[in-house]
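entry-v4.cif, holding mmCIF, C-alpha atoms:
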data_protein
#
loop_
_atom_site.label_atom_id
_atom_site.label_comp_id
_atom_site.auth_asym_id
_atom_site.auth_seq_id
_atom_site.Cartn_x
_atom_site.Cartn_y
_atom_site.Cartn_z
CA MET A 1 1.82 7.65 -19.79
CA THR A 2 1.58 4.15 -21.25
CA THR A 3 -1.64 2.12 -21.05
CA ILE A 4 -1.57 -1.66 -21.21
CA ASN A 5 -4.55 -4.00 -21.41
CA VAL A 6 -4.68 -7.13 -19.28
CA LYS A 7 -7.17 -9.88 -20.12
CA THR A 8 -7.98 -12.03 -17.11
CA THR A 9 -9.55 -15.49 -17.31
CA HIS A 10 -10.49 -16.24 -13.69
CA SER A 11 -12.41 -14.50 -10.90
CA ASN A 12 -9.20 -14.18 -8.86
CA GLN A 13 -5.88 -14.14 -10.70
CA MET A 14 -2.42 -12.60 -10.51
CA ILE A 15 -0.74 -11.81 -13.85
CA ASP A 16 2.96 -10.92 -14.17
CA ILE A 17 3.28 -7.57 -16.01
CA THR A 18 6.99 -6.97 -15.28
CA ALA A 19 7.96 -7.23 -18.97
CA ASP A 20 5.42 -4.51 -19.89
CA VAL A 21 6.79 -2.22 -17.18
CA ARG A 22 10.39 -2.83 -18.34
CA LYS A 23 9.38 -2.01 -21.92
CA ALA A 24 7.57 1.21 -20.91
CA ILE A 25 10.68 2.38 -19.03
CA ARG A 26 12.96 1.48 -21.96
CA ASP A 27 10.65 3.26 -24.45
CA SER A 28 10.66 6.40 -22.29
CA ASP A 29 14.46 6.66 -22.47
CA THR A 30 14.57 7.50 -18.75
CA SER A 31 17.80 6.46 -17.07
CA ASP A 32 16.99 7.63 -13.58
CA GLY A 33 13.67 8.23 -11.84
CA LEU A 34 10.46 6.67 -10.61
CA CYS A 35 7.89 4.45 -12.30
CA ILE A 36 4.26 4.37 -11.13
CA VAL A 37 2.18 1.30 -12.00
CA TYR A 38 -1.53 2.11 -11.45
CA THR A 39 -4.78 0.31 -12.17
CA PRO A 40 -7.96 2.45 -12.47
CA HIS A 41 -10.31 -0.32 -11.25
CA THR A 42 -11.87 -0.72 -7.81
CA THR A 43 -11.90 -4.54 -7.75
CA ALA A 44 -8.31 -5.06 -8.90
CA ALA A 45 -4.86 -4.22 -7.53
CA ILE A 46 -1.13 -4.03 -8.23
CA THR A 47 1.45 -5.82 -6.07
CA ILE A 48 5.09 -6.87 -6.18
CA ASN A 49 5.89 -10.43 -5.11
CA GLU A 50 7.72 -13.66 -5.97
CA ASN A 51 8.22 -14.41 -9.67
CA ALA A 52 9.92 -17.81 -9.47
CA ASP A 53 7.43 -20.40 -8.19
CA PRO A 54 3.92 -19.87 -9.63
CA ASP A 55 2.50 -21.64 -6.55
CA VAL A 56 3.19 -18.49 -4.51
CA VAL A 57 0.56 -16.39 -6.27
CA THR A 58 -1.97 -19.26 -6.08
CA ASP A 59 -1.28 -19.48 -2.35
CA MET A 60 -1.68 -15.71 -2.00
CA ILE A 61 -5.13 -15.84 -3.62
CA ASP A 62 -6.08 -18.77 -1.36
CA GLY A 63 -4.82 -16.80 1.64
CA LEU A 64 -6.88 -13.72 0.76
CA ASN A 65 -9.96 -15.94 0.26
CA SER A 66 -9.33 -17.55 3.66
CA LEU A 67 -10.06 -14.19 5.33
CA GLY A 68 -13.74 -15.09 4.87
CA PHE A 69 -15.01 -11.82 3.36
CA LYS A 70 -17.20 -13.87 1.00
CA ASN A 71 -19.33 -15.18 3.88
CA LEU A 72 -20.20 -11.76 5.28
CA SER A 73 -23.64 -10.33 4.57
CA PHE A 74 -22.76 -7.15 2.75
CA ARG A 75 -25.11 -4.32 1.70
CA HIS A 76 -23.68 -3.50 -1.74
CA MET A 77 -26.17 -4.96 -4.24
CA GLU A 78 -23.56 -6.02 -6.79
CA GLY A 79 -22.37 -8.65 -4.31
CA ASN A 80 -18.68 -7.95 -4.87
CA SER A 81 -17.73 -6.08 -1.70
CA GLU A 82 -15.19 -8.83 -1.08
CA SER A 83 -13.42 -7.75 -4.29
CA HIS A 84 -13.39 -4.09 -3.23
CA LEU A 85 -11.88 -5.06 0.13
CA LYS A 86 -9.09 -7.08 -1.47
CA SER A 87 -8.38 -4.13 -3.80
CA SER A 88 -7.85 -1.71 -0.91
CA LEU A 89 -5.86 -4.23 1.18
CA ILE A 90 -3.37 -4.85 -1.65
CA GLY A 91 -3.63 -1.33 -3.15
CA CYS A 92 -4.24 -0.06 -6.68
CA SER A 93 -0.66 1.09 -7.39
CA GLU A 94 3.02 0.35 -6.85
CA GLN A 95 6.13 2.44 -7.38
CA VAL A 96 9.45 1.19 -8.69
CA ILE A 97 12.78 3.03 -8.63
CA ILE A 98 14.49 3.44 -12.04
CA GLU A 99 18.30 3.33 -12.26
CA SER A 100 20.38 2.96 -15.44
CA GLY A 101 17.20 2.69 -17.50
CA SER A 102 15.86 -0.35 -15.62
CA PRO A 103 13.47 -0.93 -12.73
CA VAL A 104 15.36 -1.72 -9.52
CA LEU A 105 13.68 -5.00 -8.55
CA GLY A 106 14.91 -7.73 -6.22
CA THR A 107 16.02 -11.05 -7.75
CA TRP A 108 12.69 -12.70 -6.94
CA GLN A 109 10.42 -9.68 -7.41
CA GLY A 110 7.87 -9.48 -10.22
CA ILE A 111 5.15 -6.85 -10.69
CA TYR A 112 1.64 -8.33 -10.72
CA PHE A 113 -1.77 -7.20 -11.83
CA CYS A 114 -4.29 -8.70 -9.37
CA GLU A 115 -7.79 -9.52 -10.62
CA PHE A 116 -10.38 -9.88 -7.85
CA ASP A 117 -13.63 -9.78 -9.87
CA GLY A 118 -12.90 -11.36 -13.25
CA PRO A 119 -12.76 -12.49 -15.85
CA ARG A 120 -12.54 -9.06 -17.48
CA THR A 121 -10.34 -6.91 -19.69
CA ARG A 122 -8.53 -4.42 -17.47
CA LYS A 123 -6.25 -1.41 -17.87
CA VAL A 124 -2.94 -0.60 -16.22
CA PHE A 125 -1.32 2.84 -16.48
CA ILE A 126 2.47 3.18 -16.37
CA LYS A 127 3.84 6.65 -15.67
CA ILE A 128 7.53 7.59 -15.66
CA ILE A 129 8.72 10.54 -13.53
CA MET B 1 19.98 5.92 -4.48
CA THR B 2 21.13 4.95 -0.98
CA THR B 3 21.18 1.31 0.14
CA ILE B 4 20.98 0.40 3.81
CA ASN B 5 21.37 -3.05 5.35
CA VAL B 6 19.01 -4.22 8.06
CA LYS B 7 19.93 -7.22 10.20
CA THR B 8 16.88 -8.90 11.69
CA THR B 9 16.98 -11.27 14.67
CA HIS B 10 13.47 -12.79 14.70
CA SER B 11 11.15 -14.47 12.20
CA ASN B 12 8.73 -11.55 12.44
CA GLN B 13 10.08 -8.15 13.45
CA MET B 14 9.55 -4.45 12.80
CA ILE B 15 12.68 -2.25 12.88
CA ASP B 16 12.57 1.57 12.96
CA ILE B 17 14.64 2.94 10.06
CA THR B 18 13.47 6.57 10.30
CA ALA B 19 16.96 7.84 11.24
CA ASP B 20 18.46 6.22 8.11
CA VAL B 21 15.80 7.83 5.92
CA ARG B 22 16.40 11.25 7.54
CA LYS B 23 20.15 10.87 6.95
CA ALA B 24 19.70 9.89 3.28
CA ILE B 25 17.50 12.95 2.69
CA ARG B 26 20.01 15.22 4.48
CA ASP B 27 22.94 13.75 2.51
CA SER B 28 21.10 14.33 -0.78
CA ASP B 29 20.76 18.06 -0.05
CA THR B 30 17.16 17.98 -1.29
CA SER B 31 14.96 20.62 0.30
CA ASP B 32 11.73 19.78 -1.46
CA GLY B 33 10.54 16.56 -3.09
CA LEU B 34 9.63 12.95 -2.52
CA CYS B 35 11.46 10.09 -0.82
CA ILE B 36 10.78 6.45 -1.78
CA VAL B 37 11.66 3.75 0.76
CA TYR B 38 11.68 0.35 -0.99
CA THR B 39 12.68 -3.16 0.02
CA PRO B 40 13.61 -5.62 -2.78
CA HIS B 41 12.49 -8.73 -0.86
CA THR B 42 9.26 -10.71 -1.28
CA THR B 43 8.87 -11.74 2.38
CA ALA B 44 9.47 -8.30 3.90
CA ALA B 45 7.71 -4.92 3.77
CA ILE B 46 7.91 -1.21 4.62
CA THR B 47 5.26 0.55 6.69
CA ILE B 48 4.77 3.79 8.63
CA ASN B 49 3.27 3.51 12.10
CA GLU B 50 3.58 4.51 15.77
CA ASN B 51 7.09 5.20 17.07
CA ALA B 52 6.35 5.92 20.73
CA ASP B 53 5.19 2.72 22.45
CA PRO B 54 7.15 -0.35 21.25
CA ASP B 55 4.15 -2.51 22.22
CA VAL B 56 2.33 -1.27 19.11
CA VAL B 57 4.63 -3.05 16.66
CA THR B 58 4.53 -6.23 18.78
CA ASP B 59 0.73 -6.04 18.69
CA MET B 60 0.79 -5.49 14.92
CA ILE B 61 2.84 -8.64 14.40
CA ASP B 62 0.49 -10.57 16.71
CA GLY B 63 -2.47 -9.20 14.75
CA LEU B 64 -1.04 -10.27 11.39
CA ASN B 65 -0.32 -13.73 12.82
CA SER B 66 -3.92 -13.93 14.11
CA LEU B 67 -5.14 -13.94 10.50
CA GLY B 68 -4.27 -17.64 10.51
CA PHE B 69 -2.31 -17.86 7.25
CA LYS B 70 0.15 -20.21 8.96
CA ASN B 71 -2.52 -22.92 9.34
CA LEU B 72 -3.47 -23.03 5.67
CA SER B 73 -2.19 -25.88 3.53
CA PHE B 74 -0.21 -24.02 0.90
CA ARG B 75 1.41 -25.41 -2.26
CA HIS B 76 4.67 -23.43 -2.26
CA MET B 77 7.35 -25.94 -1.19
CA GLU B 78 9.42 -23.42 0.78
CA GLY B 79 6.56 -23.23 3.29
CA ASN B 80 6.66 -19.45 3.63
CA SER B 81 3.57 -18.41 1.66
CA GLU B 82 2.35 -16.75 4.86
CA SER B 83 5.38 -14.42 4.67
CA HIS B 84 4.66 -13.56 1.02
CA LEU B 85 1.04 -12.73 1.91
CA LYS B 86 2.06 -10.41 4.74
CA SER B 87 4.52 -8.70 2.37
CA SER B 88 1.81 -7.87 -0.19
CA LEU B 89 -0.74 -6.85 2.47
CA ILE B 90 1.65 -4.32 4.02
CA GLY B 91 3.48 -3.49 0.76
CA CYS B 92 7.17 -3.34 -0.17
CA SER B 93 7.49 0.47 -0.29
CA GLU B 94 6.37 3.74 1.25
CA GLN B 95 6.66 7.33 0.08
CA VAL B 96 7.38 10.33 2.26
CA ILE B 97 7.03 13.99 1.32
CA ILE B 98 10.20 16.13 1.75
CA GLU B 99 9.88 19.78 2.83
CA SER B 100 12.71 22.04 4.09
CA GLY B 101 15.14 19.13 3.81
CA SER B 102 13.19 16.84 6.17
CA PRO B 103 10.62 14.08 5.78
CA VAL B 104 7.12 15.32 6.62
CA LEU B 105 6.08 12.77 9.24
CA GLY B 106 3.36 12.97 11.88
CA THR B 107 4.42 13.34 15.52
CA TRP B 108 3.93 9.62 16.19
CA GLN B 109 4.99 8.29 12.79
CA GLY B 110 8.12 6.20 12.31
CA ILE B 111 9.22 4.34 9.16
CA TYR B 112 9.58 0.59 9.74
CA PHE B 113 11.25 -2.27 7.93
CA CYS B 114 9.02 -5.34 8.44
CA GLU B 115 10.67 -8.78 8.52
CA PHE B 116 8.28 -11.68 7.89
CA ASP B 117 10.74 -14.53 7.23
CA GLY B 118 13.83 -13.89 9.35
CA PRO B 119 16.26 -13.75 10.80
CA ARG B 120 18.15 -12.47 7.75
CA THR B 121 20.23 -9.55 6.51
CA ARG B 122 18.01 -7.40 4.30
CA LYS B 123 18.37 -4.40 2.00
CA VAL B 124 16.35 -1.19 1.84
CA PHE B 125 16.69 1.30 -1.03
CA ILE B 126 16.09 5.01 -0.43
CA LYS B 127 15.52 7.15 -3.51
CA ILE B 128 15.09 10.93 -3.51
CA ILE B 129 13.08 12.60 -6.31
CA MET C 1 2.19 21.18 -0.21
CA THR C 2 -1.49 21.67 0.60
CA THR C 3 -2.95 20.64 3.97
CA ILE C 4 -6.62 19.81 4.34
CA ASN C 5 -8.51 19.12 7.55
CA VAL C 6 -10.96 16.25 7.76
CA LYS C 7 -13.48 16.11 10.62
CA THR C 8 -14.67 12.58 11.29
CA THR C 9 -17.84 11.73 13.23
CA HIS C 10 -17.52 7.97 13.82
CA SER C 11 -14.90 5.58 15.17
CA ASN C 12 -14.53 3.98 11.72
CA GLN C 13 -15.40 6.06 8.67
CA MET C 14 -14.35 6.60 5.06
CA ILE C 15 -14.67 10.16 3.72
CA ASP C 16 -14.39 11.04 0.01
CA ILE C 17 -11.67 13.70 -0.44
CA THR C 18 -11.43 13.52 -4.25
CA ALA C 19 -12.72 17.08 -4.73
CA ASP C 20 -9.98 18.43 -2.41
CA VAL C 21 -7.31 16.55 -4.35
CA ARG C 22 -8.66 17.83 -7.68
CA LYS C 23 -8.63 21.40 -6.33
CA ALA C 24 -5.04 21.11 -5.03
CA ILE C 25 -3.89 19.87 -8.45
CA ARG C 26 -5.78 22.66 -10.24
CA ASP C 27 -4.38 25.31 -7.85
CA SER C 28 -0.82 24.06 -8.47
CA ASP C 29 -1.15 24.64 -12.23
CA THR C 30 0.55 21.28 -12.89
CA SER C 31 -0.48 19.69 -16.17
CA ASP C 32 1.63 16.56 -15.93
CA GLY C 33 3.09 14.76 -12.93
CA LEU C 34 2.33 12.88 -9.75
CA CYS C 35 0.13 13.71 -6.76
CA ILE C 36 0.85 12.22 -3.32
CA VAL C 37 -2.02 12.07 -0.81
CA TYR C 38 -0.60 11.41 2.67
CA THR C 39 -2.06 11.35 6.17
CA PRO C 40 0.35 11.91 9.10
CA HIS C 41 -1.68 9.80 11.58
CA THR C 42 -0.99 6.24 12.74
CA THR C 43 -4.63 5.20 13.19
CA ALA C 44 -5.91 6.48 9.84
CA ALA C 45 -5.23 5.69 6.18
CA ILE C 46 -5.75 6.77 2.56
CA THR C 47 -7.28 4.45 -0.05
CA ILE C 48 -8.82 4.61 -3.52
CA ASN C 49 -12.07 2.73 -4.06
CA GLU C 50 -15.64 2.86 -5.38
CA ASN C 51 -17.34 6.27 -5.33
CA ALA C 52 -20.80 5.35 -6.66
CA ASP C 53 -22.62 3.20 -4.09
CA PRO C 54 -21.98 4.42 -0.50
CA ASP C 55 -22.72 0.87 0.71
CA VAL C 56 -19.28 -0.21 -0.56
CA VAL C 57 -17.35 1.80 2.02
CA THR C 58 -19.70 0.65 4.79
CA ASP C 59 -19.08 -2.94 3.69
CA MET C 60 -15.32 -2.33 3.64
CA ILE C 61 -15.37 -1.12 7.24
CA ASP C 62 -17.50 -4.14 8.22
CA GLY C 63 -15.03 -6.41 6.41
CA LEU C 64 -12.01 -4.93 8.21
CA ASN C 65 -13.84 -5.31 11.54
CA SER C 66 -14.63 -8.95 10.69
CA LEU C 67 -10.89 -9.73 10.83
CA GLY C 68 -11.36 -9.87 14.61
CA PHE C 69 -8.43 -7.68 15.69
CA LYS C 70 -10.69 -6.13 18.35
CA ASN C 71 -10.94 -9.44 20.25
CA LEU C 72 -7.18 -9.96 20.57
CA SER C 73 -5.52 -9.23 23.89
CA PHE C 74 -3.03 -6.56 22.91
CA ARG C 75 -0.24 -5.02 25.05
CA HIS C 76 -0.53 -1.37 23.95
CA MET C 77 -2.20 0.40 26.88
CA GLU C 78 -4.21 2.83 24.75
CA GLY C 79 -6.27 -0.14 23.54
CA ASN C 80 -6.28 0.91 19.89
CA SER C 81 -3.80 -1.56 18.37
CA GLU C 82 -6.65 -2.65 16.07
CA SER C 83 -6.65 0.89 14.62
CA HIS C 84 -2.88 0.82 14.06
CA LEU C 85 -3.18 -2.52 12.26
CA LYS C 86 -5.90 -1.26 9.93
CA SER C 87 -3.75 1.81 9.20
CA SER C 88 -0.77 -0.29 8.05
CA LEU C 89 -2.95 -2.77 6.10
CA ILE C 90 -4.58 0.02 4.06
CA GLY C 91 -1.54 2.35 4.11
CA CYS C 92 -1.13 6.02 5.00
CA SER C 93 -0.70 7.33 1.44
CA GLU C 94 -1.77 6.95 -2.17
CA GLN C 95 -0.34 8.29 -5.40
CA VAL C 96 -2.31 9.52 -8.39
CA ILE C 97 -0.99 10.25 -11.87
CA ILE C 98 -1.68 13.80 -13.20
CA GLU C 99 -2.36 14.33 -16.92
CA SER C 100 -3.80 17.49 -18.54
CA GLY C 101 -4.12 19.09 -15.12
CA SER C 102 -6.39 16.37 -13.69
CA PRO C 103 -5.89 13.23 -11.61
CA VAL C 104 -6.12 10.10 -13.79
CA LEU C 105 -8.80 8.15 -11.90
CA GLY C 106 -11.00 5.30 -13.10
CA THR C 107 -14.72 6.02 -13.64
CA TRP C 108 -15.64 4.51 -10.27
CA GLN C 109 -12.55 5.54 -8.31
CA GLY C 110 -12.70 8.05 -5.47
CA ILE C 111 -9.93 8.96 -3.02
CA TYR C 112 -10.87 8.27 0.60
CA PHE C 113 -9.58 9.33 3.99
CA CYS C 114 -10.06 6.34 6.33
CA GLU C 115 -10.68 7.02 10.02
CA PHE C 116 -9.99 4.03 12.28
CA ASP C 117 -9.94 5.72 15.73
CA GLY C 118 -12.38 8.61 15.61
CA PRO C 119 -14.14 10.82 15.91
CA ARG C 120 -11.27 13.31 15.52
CA THR C 121 -10.08 16.19 13.38
CA ARG C 122 -7.38 14.87 11.05
CA LYS C 123 -4.91 16.25 8.54
CA VAL C 124 -4.18 15.17 4.96
CA PHE C 125 -1.17 16.46 3.02
CA ILE C 126 -1.34 16.78 -0.78
CA LYS C 127 1.98 17.14 -2.60
CA ILE C 128 2.39 17.70 -6.34
CA ILE C 129 5.57 16.53 -8.10
#
Can you dump the structure from the file as structure tokens?
Amino acid sequence: MTTINVKTTHSNQMIDITADVRKAIRDSDTSDGLCIVYTPHTTAAITINENADPDVVTDMIDGLNSLGFKNLSFRHMEGNSESHLKSSLIGCSEQVIIESGSPVLGTWQGIYFCEFDGPRTRKVFIKII
Amino acid sequence: MTTINVKTTHSNQMIDITADVRKAIRDSDTSDGLCIVYTPHTTAAITINENADPDVVTDMIDGLNSLGFKNLSFRHMEGNSESHLKSSLIGCSEQVIIESGSPVLGTWQGIYFCEFDGPRTRKVFIKII
Amino acid sequence: MTTINVKTTHSNQMIDITADVRKAIRDSDTSDGLCIVYTPHTTAAITINENADPDVVTDMIDGLNSLGFKNLSFRHMEGNSESHLKSSLIGCSEQVIIESGSPVLGTWQGIYFCEFDGPRTRKVFIKII
């Protein structure tokens, strides 16, 4: 298992970690299998989405904020229930198929770490099966 | 890895691909393991939900549309940020357990390809571990 | 594959099943691999989120309800399209990395069965790869 550290600079932010995943697969010398990308935090997530126009991830954060979770009167004293909700809606892991030593991604697909309660330093685990 | 093509006919549509997944598992001669169903597109998704009453998937599309992403003023010039959001909320892959050469699905569970920016011809990858 | 039964007591409820997952991994004598936690129901889900303050899961259910799916006029005669939507938004399975015979979870992460159409008795499948 490989651990990478991701330093976020905003409260909500999506950071492309595709290069780290590619490197972990290459370093494992696995030609064929499955790669799990997992974050062990409850106010963060992993998703796969467009890697070409950076406006897409900004729009995605705006879209999640538009759901209005921030305006609800929540019980949790830390005041970040909105962040926990976003984490479970997007999900804390993704899986990528490995063929010929590379992740099988679509032309426009990148793998993103999603920060929903930053800025913080976060961990991502990459496991090759 | 098996690749199947899915031809969608509407902008938003859920298509049952359970038979294709069953066939890929049967063809692989795997009695016990894991099956990954993955779509390499950033405005589509894979989900598992009710296969009995076709109204359910129509309702699910209506429900996703009711979130109001379409009315937001997004930056992405292609104008389909709503589709990208739906893709990450539902997720671009699912995993199914294989036992005795068959996917372990609940009585009412079917595996669906979700189109959020059609009509298009789309790909789905099926990988057996 | 291990099957566990979960008895829910409310229409919407999140129940911590981390101890069951730990036990299934321990019983399988697997030191290194992947654990799939899967529910075969179309109005339930599996998620990983905060295990410390029980208010978080209550807030998450309130947040999902705030999306307003209940007020939509759906076609499905059973009247539980809202439950199907929540199931696909959260997802019917999660995957956890296994290292040294234990699931690799963050300090605050617990694995939850999510009931969206209870009370019922539900099944969860745990598969070790």
Inset, instruction - For the structure shown, which residues end up in the PyMOL selection byres ((chain B and resi 119) around 10)? Put them as a ChimeraX atom specification, please? - result: /B:7-13,115-118,120-122
Inset, instruction - May I ask for the distance between atom CA of B:Gln109 and atom CA of B:Gly68, given in Å to one decimal place? - result: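 Distance reported for this atom pair: 27.6 Å.
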Legend entry - Evaluate the PyMOL selection byres ((chain B) within 10 of (chain C)) and report residues as a VMD selection string: chain B and resid 32 to 34 46 to 51 53 to 64 66 to 67 86 88 to 91 94 to 99 104 to 110 129
Kindly export the residues of the current selection with C-alpha atoms, as a PDB file, keeping the file's coordinate frame.
ATOM      1  CA  ASP B  32      11.730  19.780  -1.460  1.00  0.00           C
ATOM      2  CA  GLY B  33      10.540  16.560  -3.090  1.00  0.00           C
ATOM      3  CA  LEU B  34       9.630  12.950  -2.520  1.00  0.00           C
ATOM      4  CA  ILE B  46       7.910  -1.210   4.620  1.00  0.00           C
ATOM      5  CA  THR B  47       5.260   0.550   6.690  1.00  0.00           C
ATOM      6  CA  ILE B  48       4.770   3.790   8.630  1.00  0.00           C
ATOM      7  CA  ASN B  49       3.270   3.510  12.100  1.00  0.00           C
ATOM      8  CA  GLU B  50       3.580   4.510  15.770  1.00  0.00           C
ATOM      9  CA  ASN B  51       7.090   5.200  17.070  1.00  0.00           C
ATOM     10  CA  ASP B  53       5.190   2.720  22.450  1.00  0.00           C
ATOM     11  CA  PRO B  54       7.150  -0.350  21.250  1.00  0.00           C
ATOM     12  CA  ASP B  55       4.150  -2.510  22.220  1.00  0.00           C
ATOM     13  CA  VAL B  56       2.330  -1.270  19.110  1.00  0.00           C
ATOM     14  CA  VAL B  57       4.630  -3.050  16.660  1.00  0.00           C
ATOM     15  CA  THR B  58       4.530  -6.230  18.780  1.00  0.00           C
ATOM     16  CA  ASP B  59       0.730  -6.040  18.690  1.00  0.00           C
ATOM     17  CA  MET B  60       0.790  -5.490  14.920  1.00  0.00           C
ATOM     18  CA  ILE B  61       2.840  -8.640  14.400  1.00  0.00           C
ATOM     19  CA  ASP B  62       0.490 -10.570  16.710  1.00  0.00           C
ATOM     20  CA  GLY B  63      -2.470  -9.200  14.750  1.00  0.00           C
ATOM     21  CA  LEU B  64      -1.040 -10.270  11.390  1.00  0.00           C
ATOM     22  CA  SER B  66      -3.920 -13.930  14.110  1.00  0.00           C
ATOM     23  CA  LEU B  67      -5.140 -13.940  10.500  1.00  0.00           C
ATOM     24  CA  LYS B  86       2.060 -10.410   4.740  1.00  0.00           C
ATOM     25  CA  SER B  88       1.810  -7.870  -0.190  1.00  0.00           C
ATOM     26  CA  LEU B  89      -0.740  -6.850   2.470  1.00  0.00           C
ATOM     27  CA  ILE B  90       1.650  -4.320   4.020  1.00  0.00           C
ATOM     28  CA  GLY B  91       3.480  -3.490   0.760  1.00  0.00           C
ATOM     29  CA  GLU B  94       6.370   3.740   1.250  1.00  0.00           C
ATOM     30  CA  GLN B  95       6.660   7.330   0.080  1.00  0.00           C
ATOM     31  CA  VAL B  96       7.380  10.330   2.260  1.00  0.00           C
ATOM     32  CA  ILE B  97       7.030  13.990   1.320  1.00  0.00           C
ATOM     33  CA  ILE B  98      10.200  16.130   1.750  1.00  0.00           C
ATOM     34  CA  GLU B  99       9.880  19.780   2.830  1.00  0.00           C
ATOM     35  CA  VAL B 104       7.120  15.320   6.620  1.00  0.00           C
ATOM     36  CA  LEU B 105       6.080  12.770   9.240  1.00  0.00           C
ATOM     37  CA  GLY B 106       3.360  12.970  11.880  1.00  0.00           C
ATOM     38  CA  THR B 107       4.420  13.340  15.520  1.00  0.00           C
ATOM     39  CA  TRP B 108       3.930   9.620  16.190  1.00  0.00           C
ATOM     40  CA  GLN B 109       4.990   8.290  12.790  1.00  0.00           C
ATOM     41  CA  GLY B 110       8.120   6.200  12.310  1.00  0.00           C
ATOM     42  CA  ILE B 129      13.080  12.600  -6.310  1.00  0.00           C
TER      43      ILE B 129
END
Legend entry - Distance in Å - atom CA of A:Asp27 versus atom CA of A:Ile111: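 Separating atom CA of A:Asp27 from atom CA of A:Ile111 is a distance of 17.9 Å.
Computed from the coordinates, the atom CA of C:Gly101 to atom CA of A:Thr2 distance equals 17.1 Å.
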Point (-8.9, 17.2, -10.4), cut-off 9 Å, counting all atoms listed in the file, residues as a JSON list (two decimals) with C-alpha atoms, in the frame of the given file:
[["chain", "number", "residue", "atom", "x", "y", "z"],
["C", 18, "THR", "CA", -11.43, 13.52, -4.25],
["C", 19, "ALA", "CA", -12.72, 17.08, -4.73],
["C", 20, "ASP", "CA", -9.98, 18.43, -2.41],
["C", 21, "VAL", "CA", -7.31, 16.55, -4.35],
["C", 22, "ARG", "CA", -8.66, 17.83, -7.68],
["C", 23, "LYS", "CA", -8.63, 21.40, -6.33],
["C", 24, "ALA", "CA", -5.04, 21.11, -5.03],
["C", 25, "ILE", "CA", -3.89, 19.87, -8.45],
["C", 26, "ARG", "CA", -5.78, 22.66, -10.24],
["C", 98, "ILE", "CA", -1.68, 13.80, -13.20],
["C", 101, "GLY", "CA", -4.12, 19.09, -15.12],
["C", 102, "SER", "CA", -6.39, 16.37, -13.69],
["C", 103, "PRO", "CA", -5.89, 13.23, -11.61],
["C", 104, "VAL", "CA", -6.12, 10.10, -13.79]]
Fill-in result for stretch 16-25 of chain B, N, CA, C and O atoms as an mmCIF file, in the frame of the given file:
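Produced file selection-v6.cif, reproduced below:
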data_model
loop_
_atom_site.group_PDB
_atom_site.id
_atom_site.type_symbol
_atom_site.label_atom_id
_atom_site.label_comp_id
_atom_site.auth_asym_id
_atom_site.auth_seq_id
_atom_site.Cartn_x
_atom_site.Cartn_y
_atom_site.Cartn_z
ATOM 1 N N ASP B 16 12.698 0.138 13.286
ATOM 2 C CA ASP B 16 12.570 1.570 12.960
ATOM 3 C C ASP B 16 13.785 2.031 12.154
ATOM 4 O O ASP B 16 14.916 1.971 12.644
ATOM 5 N N ILE B 17 13.553 2.468 10.923
ATOM 6 C CA ILE B 17 14.640 2.940 10.060
ATOM 7 C C ILE B 17 14.495 4.438 9.751
ATOM 8 O O ILE B 17 15.093 4.946 8.800
ATOM 9 N N THR B 18 13.723 5.146 10.566
ATOM 10 C CA THR B 18 13.470 6.570 10.300
ATOM 11 C C THR B 18 14.775 7.378 10.274
ATOM 12 O O THR B 18 14.945 8.257 9.416
ATOM 13 N N ALA B 19 15.697 7.078 11.186
ATOM 14 C CA ALA B 19 16.960 7.840 11.240
ATOM 15 C C ALA B 19 17.746 7.668 9.946
ATOM 16 O O ALA B 19 18.356 8.622 9.444
ATOM 17 N N ASP B 20 17.753 6.457 9.390
ATOM 18 C CA ASP B 20 18.460 6.220 8.110
ATOM 19 C C ASP B 20 17.823 7.018 6.978
ATOM 20 O O ASP B 20 18.526 7.537 6.105
ATOM 21 N N VAL B 21 16.488 7.079 6.971
ATOM 22 C CA VAL B 21 15.800 7.830 5.920
ATOM 23 C C VAL B 21 16.099 9.329 6.068
ATOM 24 O O VAL B 21 16.429 10.010 5.088
ATOM 25 N N ARG B 22 16.060 9.836 7.290
ATOM 26 C CA ARG B 22 16.400 11.250 7.540
ATOM 27 C C ARG B 22 17.812 11.565 7.048
ATOM 28 O O ARG B 22 18.053 12.596 6.418
ATOM 29 N N LYS B 23 18.748 10.657 7.338
ATOM 30 C CA LYS B 23 20.150 10.870 6.950
ATOM 31 C C LYS B 23 20.283 10.885 5.419
ATOM 32 O O LYS B 23 20.980 11.741 4.856
ATOM 33 N N ALA B 24 19.614 9.951 4.743
ATOM 34 C CA ALA B 24 19.700 9.890 3.280
ATOM 35 C C ALA B 24 19.156 11.164 2.646
ATOM 36 O O ALA B 24 19.706 11.670 1.653
ATOM 37 N N ILE B 25 18.071 11.699 3.210
ATOM 38 C CA ILE B 25 17.500 12.950 2.690
ATOM 39 C C ILE B 25 18.476 14.100 2.930
ATOM 40 O O ILE B 25 18.756 14.903 2.025
#
